Amino acid sequence: AGDDPTTVKVGLCLWLFNPFCFTISTRGSGESVVVLLIYGCFWALHVQRRIPLAGCLLGLAVHWRLYPVIFGLPLALSLGPPGRCRWPWQRLLHSGGLLFGAVTFGVFVALGALFALIYGREFLDGAYLYHSRRLDPQHNFSVYFYPTALFLEDKTGLFPNIARFAALPQFALCFWLGWSEADLGPAVAPLLQAIALVATNKVLTAQYFVWWWAMLPLALPWLSWRRWAFGRSLLLWAVGEVHWLFWAYLLEFRRWPVRPGVWCASCAFLTAHLWLLSEIRHSARLHAAAAAAPKVRSCSSGGAGLKAE
């Protein structure tokens, strides 16, 4: 990124002047602390090559918020041997990846044990167990809110609790993206994972957007972001959010019976998320292909023609 000052400036603006980021960060949320820990992990891993420090920072981030655990897979893969391996497991089971995983896991378990010792069952329930059984029937950006509301309101057993299966496509997407896209750039796979995690979560509020917005500046140098299709996908995402907010306003402030309309807007917003994910993945692949292609330059001598470097 240092070779392209424009990319650096755009990346900084995406975080520093993003209304989502500074609004969420100034209302009492600790998301900025988690982002700082994740940035520190990337700095320690890819700039300083200090694997134990990176593992400590990621373990602390996972202790603070569970979602950064998904970044462990592409980060560990990035430490592996370059090129193709004979067996898939060789990409992960190497000294750097094992050390990074062991330190991350050790820090997370140590902190969890310490706070469980201090606060007991209340900590374990609030920090970990609550998320597995949480059911939120109130309207939110997730496509699961309306089926959950119907399940909780139904006395006949007609509507199943489909939200309990939400983690299956969620973690499948995160694993696939973390494994298959780890070579496209240090932060590309984590960005794609964060979008997939947020888009398919069974509860989705505005603060969750910070999870992937924070990864976009890090991934920007490895994306062909100047293409109109890239900007169009971000614009579509913003339109999808505003569209959802319109229906939510009618439901919450005007008290109109439009809950199915809010759910349809959530489905449209999910589509916008997936389109954005697909476009970012395509942009990363275009950038990787352009970087791998042989460069052509003019001959400096008097001879005519071009030659590849």
# chains A, B, ... in the order shown; residues from 1 in each chain; ligands from 1
call {"tool": "closest_atom_pairs", "arguments": {"of": "region 186-206 of chain A", "to": "region 141-165 of chain A", "cutoff": "10 Å", "atoms": "only C-alpha atoms", "output": "CSV"}}
result
residue,atom,partner,partner_atom,distance
A:Val198,CA,A:Ser142,CA,8.8
A:Ala199,CA,A:Ser142,CA,7.3
A:Thr200,CA,A:Ser142,CA,7.2
A:Asn201,CA,A:Ser142,CA,6.6
A:Lys202,CA,A:Tyr144,CA,5.4
A:Val203,CA,A:Ser142,CA,5.5
A:Leu204,CA,A:Ser142,CA,5.0
A:Thr205,CA,A:Phe141,CA,6.1
A:Ala206,CA,A:Phe141,CA,8.1
call {"tool": "select_by_dssp", "arguments": {"residues": "region 56-304 of chain A", "states": "alpha helix (DSSP H)", "output": "ChimeraX atom specification"}}
result
/A:56-64,72-78,95-119,121-124,130-133,145-153,167-180,188-199,209-213,216-219,228-252,259-292
call {"tool": "residues_around", "arguments": {"residues": "Phe105 (chain A)", "least_positions_apart": "4", "cutoff": "7 Å", "atoms": "only C-alpha atoms", "output": "JSON, numbers by chain"}}
result
{"A": [59, 101, 109]}
call {"tool": "write_last_selection", "arguments": {"atoms": "all heavy atoms", "output": "compact mmCIF listing (two decimals), in the first residue's frame"}}
result
# COMPACT_ATOMS: atom_id res chain seq x y z
N GLY A 59 -5.84 -13.72 20.89
CA GLY A 59 -6.49 -14.37 22.03
C GLY A 59 -7.22 -13.38 22.90
O GLY A 59 -8.33 -13.65 23.38
N GLY A 101 -1.57 -20.75 16.78
CA GLY A 101 -2.79 -21.31 17.32
C GLY A 101 -2.68 -21.64 18.79
O GLY A 101 -3.62 -21.40 19.56
N VAL A 109 -8.05 -19.23 26.77
CA VAL A 109 -8.45 -20.13 27.87
C VAL A 109 -8.01 -19.57 29.21
O VAL A 109 -8.77 -19.62 30.20
CB VAL A 109 -7.86 -21.54 27.63
CG1 VAL A 109 -8.07 -22.42 28.86
CG2 VAL A 109 -8.50 -22.19 26.42
call {"tool": "closest_residue", "arguments": {"among": "A:Ser278, A:Ser266, A:Ser180, A:Asn140", "to": "Ala196 (chain A)", "atoms": "only C-alpha atoms"}}
result
A:Ser278
call {"tool": "residues_around", "arguments": {"residues": "Leu57 (chain A)", "least_positions_apart": "3", "cutoff": "6 Å", "atoms": "only C-alpha atoms", "output": "NGL selection string"}}
result
:A and (37 or 41 or 54 or 60)
call {"tool": "closest_atom_pairs", "arguments": {"of": "region 160-236 of chain A", "to": "region 15-26 of chain A", "cutoff": "7 Å", "atoms": "only C-alpha atoms", "output": "tab-separated table"}}
result
residue	atom	partner	partner_atom	distance
A:Gln207	CA	A:Ile24	CA	5.9
A:Val210	CA	A:Cys21	CA	5.9
A:Ala214	CA	A:Trp15	CA	6.4
call {"tool": "closest_residue", "arguments": {"among": "A:Trp176, A:Trp237, A:Trp222, A:Trp211", "to": "Tyr67 (chain A)", "atoms": "only C-alpha atoms"}}
result
A:Trp211
call {"tool": "atom_distance", "arguments": {"atom1": "CA of Leu234 (chain A)", "atom2": "CA of Leu274 (chain A)"}}
result
11.1 Å
call {"tool": "decode", "arguments": {"residues": "region 37-57 of chain A", "atoms": "N, CA, C and O atoms", "output": "PDB file, in the first residue's frame"}}
result
ATOM      1  N   LEU A  37      -7.039  -4.317  18.752  1.00  0.00           N
ATOM      2  CA  LEU A  37      -6.350  -5.579  19.017  1.00  0.00           C
ATOM      3  C   LEU A  37      -6.139  -6.370  17.724  1.00  0.00           C
ATOM      4  O   LEU A  37      -5.080  -6.975  17.514  1.00  0.00           O
ATOM      5  N   ILE A  38      -7.143  -6.361  16.852  1.00  0.00           N
ATOM      6  CA  ILE A  38      -7.013  -7.082  15.579  1.00  0.00           C
ATOM      7  C   ILE A  38      -5.956  -6.417  14.703  1.00  0.00           C
ATOM      8  O   ILE A  38      -5.119  -7.096  14.086  1.00  0.00           O
ATOM      9  N   TYR A  39      -5.972  -5.091  14.629  1.00  0.00           N
ATOM     10  CA  TYR A  39      -4.937  -4.393  13.868  1.00  0.00           C
ATOM     11  C   TYR A  39      -3.550  -4.700  14.432  1.00  0.00           C
ATOM     12  O   TYR A  39      -2.588  -4.888  13.678  1.00  0.00           O
ATOM     13  N   GLY A  40      -3.453  -4.724  15.762  1.00  0.00           N
ATOM     14  CA  GLY A  40      -2.176  -5.058  16.381  1.00  0.00           C
ATOM     15  C   GLY A  40      -1.721  -6.457  16.031  1.00  0.00           C
ATOM     16  O   GLY A  40      -0.527  -6.706  15.824  1.00  0.00           O
ATOM     17  N   CYS A  41      -2.671  -7.388  15.947  1.00  0.00           N
ATOM     18  CA  CYS A  41      -2.351  -8.760  15.559  1.00  0.00           C
ATOM     19  C   CYS A  41      -1.791  -8.801  14.142  1.00  0.00           C
ATOM     20  O   CYS A  41      -0.776  -9.465  13.883  1.00  0.00           O
ATOM     21  N   PHE A  42      -2.432  -8.096  13.214  1.00  0.00           N
ATOM     22  CA  PHE A  42      -1.938  -8.062  11.830  1.00  0.00           C
ATOM     23  C   PHE A  42      -0.560  -7.407  11.763  1.00  0.00           C
ATOM     24  O   PHE A  42       0.314  -7.863  11.016  1.00  0.00           O
ATOM     25  N   TRP A  43      -0.370  -6.353  12.526  1.00  0.00           N
ATOM     26  CA  TRP A  43       0.928  -5.677  12.540  1.00  0.00           C
ATOM     27  C   TRP A  43       2.015  -6.604  13.067  1.00  0.00           C
ATOM     28  O   TRP A  43       3.107  -6.705  12.479  1.00  0.00           O
ATOM     29  N   ALA A  44       1.743  -7.283  14.177  1.00  0.00           N
ATOM     30  CA  ALA A  44       2.736  -8.175  14.762  1.00  0.00           C
ATOM     31  C   ALA A  44       3.039  -9.359  13.848  1.00  0.00           C
ATOM     32  O   ALA A  44       4.187  -9.810  13.757  1.00  0.00           O
ATOM     33  N   LEU A  45       2.009  -9.836  13.143  1.00  0.00           N
ATOM     34  CA  LEU A  45       2.178 -11.042  12.336  1.00  0.00           C
ATOM     35  C   LEU A  45       2.832 -10.745  10.992  1.00  0.00           C
ATOM     36  O   LEU A  45       3.759 -11.451  10.573  1.00  0.00           O
ATOM     37  N   HIS A  46       2.382  -9.705  10.304  1.00  0.00           N
ATOM     38  CA  HIS A  46       2.810  -9.478   8.924  1.00  0.00           C
ATOM     39  C   HIS A  46       3.877  -8.394   8.777  1.00  0.00           C
ATOM     40  O   HIS A  46       4.503  -8.304   7.717  1.00  0.00           O
ATOM     41  N   VAL A  47       4.059  -7.576   9.782  1.00  0.00           N
ATOM     42  CA  VAL A  47       5.093  -6.542   9.717  1.00  0.00           C
ATOM     43  C   VAL A  47       6.288  -6.913  10.585  1.00  0.00           C
ATOM     44  O   VAL A  47       7.435  -6.916  10.127  1.00  0.00           O
ATOM     45  N   GLN A  48       6.031  -7.245  11.840  1.00  0.00           N
ATOM     46  CA  GLN A  48       7.104  -7.567  12.763  1.00  0.00           C
ATOM     47  C   GLN A  48       7.484  -9.043  12.765  1.00  0.00           C
ATOM     48  O   GLN A  48       8.550  -9.399  13.269  1.00  0.00           O
ATOM     49  N   ARG A  49       6.589  -9.905  12.248  1.00  0.00           N
ATOM     50  CA  ARG A  49       6.804 -11.360  12.251  1.00  0.00           C
ATOM     51  C   ARG A  49       7.022 -11.886  13.671  1.00  0.00           C
ATOM     52  O   ARG A  49       7.825 -12.795  13.901  1.00  0.00           O
ATOM     53  N   ARG A  50       6.288 -11.333  14.601  1.00  0.00           N
ATOM     54  CA  ARG A  50       6.365 -11.775  15.998  1.00  0.00           C
ATOM     55  C   ARG A  50       5.109 -12.602  16.284  1.00  0.00           C
ATOM     56  O   ARG A  50       4.077 -12.094  16.710  1.00  0.00           O
ATOM     57  N   ILE A  51       5.227 -13.902  16.040  1.00  0.00           N
ATOM     58  CA  ILE A  51       4.078 -14.788  16.111  1.00  0.00           C
ATOM     59  C   ILE A  51       3.490 -14.875  17.526  1.00  0.00           C
ATOM     60  O   ILE A  51       2.265 -14.803  17.689  1.00  0.00           O
ATOM     61  N   PRO A  52       4.296 -15.022  18.577  1.00  0.00           N
ATOM     62  CA  PRO A  52       3.702 -15.085  19.923  1.00  0.00           C
ATOM     63  C   PRO A  52       2.910 -13.824  20.283  1.00  0.00           C
ATOM     64  O   PRO A  52       1.833 -13.921  20.882  1.00  0.00           O
ATOM     65  N   LEU A  53       3.438 -12.654  19.926  1.00  0.00           N
ATOM     66  CA  LEU A  53       2.718 -11.413  20.220  1.00  0.00           C
ATOM     67  C   LEU A  53       1.404 -11.370  19.456  1.00  0.00           C
ATOM     68  O   LEU A  53       0.363 -10.973  20.011  1.00  0.00           O
ATOM     69  N   ALA A  54       1.420 -11.770  18.198  1.00  0.00           N
ATOM     70  CA  ALA A  54       0.189 -11.801  17.403  1.00  0.00           C
ATOM     71  C   ALA A  54      -0.832 -12.747  18.022  1.00  0.00           C
ATOM     72  O   ALA A  54      -2.029 -12.440  18.088  1.00  0.00           O
ATOM     73  N   GLY A  55      -0.379 -13.910  18.480  1.00  0.00           N
ATOM     74  CA  GLY A  55      -1.285 -14.852  19.123  1.00  0.00           C
ATOM     75  C   GLY A  55      -1.882 -14.296  20.408  1.00  0.00           C
ATOM     76  O   GLY A  55      -3.070 -14.495  20.683  1.00  0.00           O
ATOM     77  N   CYS A  56      -1.072 -13.591  21.179  1.00  0.00           N
ATOM     78  CA  CYS A  56      -1.580 -12.964  22.415  1.00  0.00           C
ATOM     79  C   CYS A  56      -2.659 -11.938  22.103  1.00  0.00           C
ATOM     80  O   CYS A  56      -3.696 -11.887  22.781  1.00  0.00           O
ATOM     81  N   LEU A  57      -2.431 -11.112  21.093  1.00  0.00           N
ATOM     82  CA  LEU A  57      -3.400 -10.072  20.753  1.00  0.00           C
ATOM     83  C   LEU A  57      -4.700 -10.673  20.214  1.00  0.00           C
ATOM     84  O   LEU A  57      -5.789 -10.213  20.555  1.00  0.00           O
TER      85      LEU A  57
END
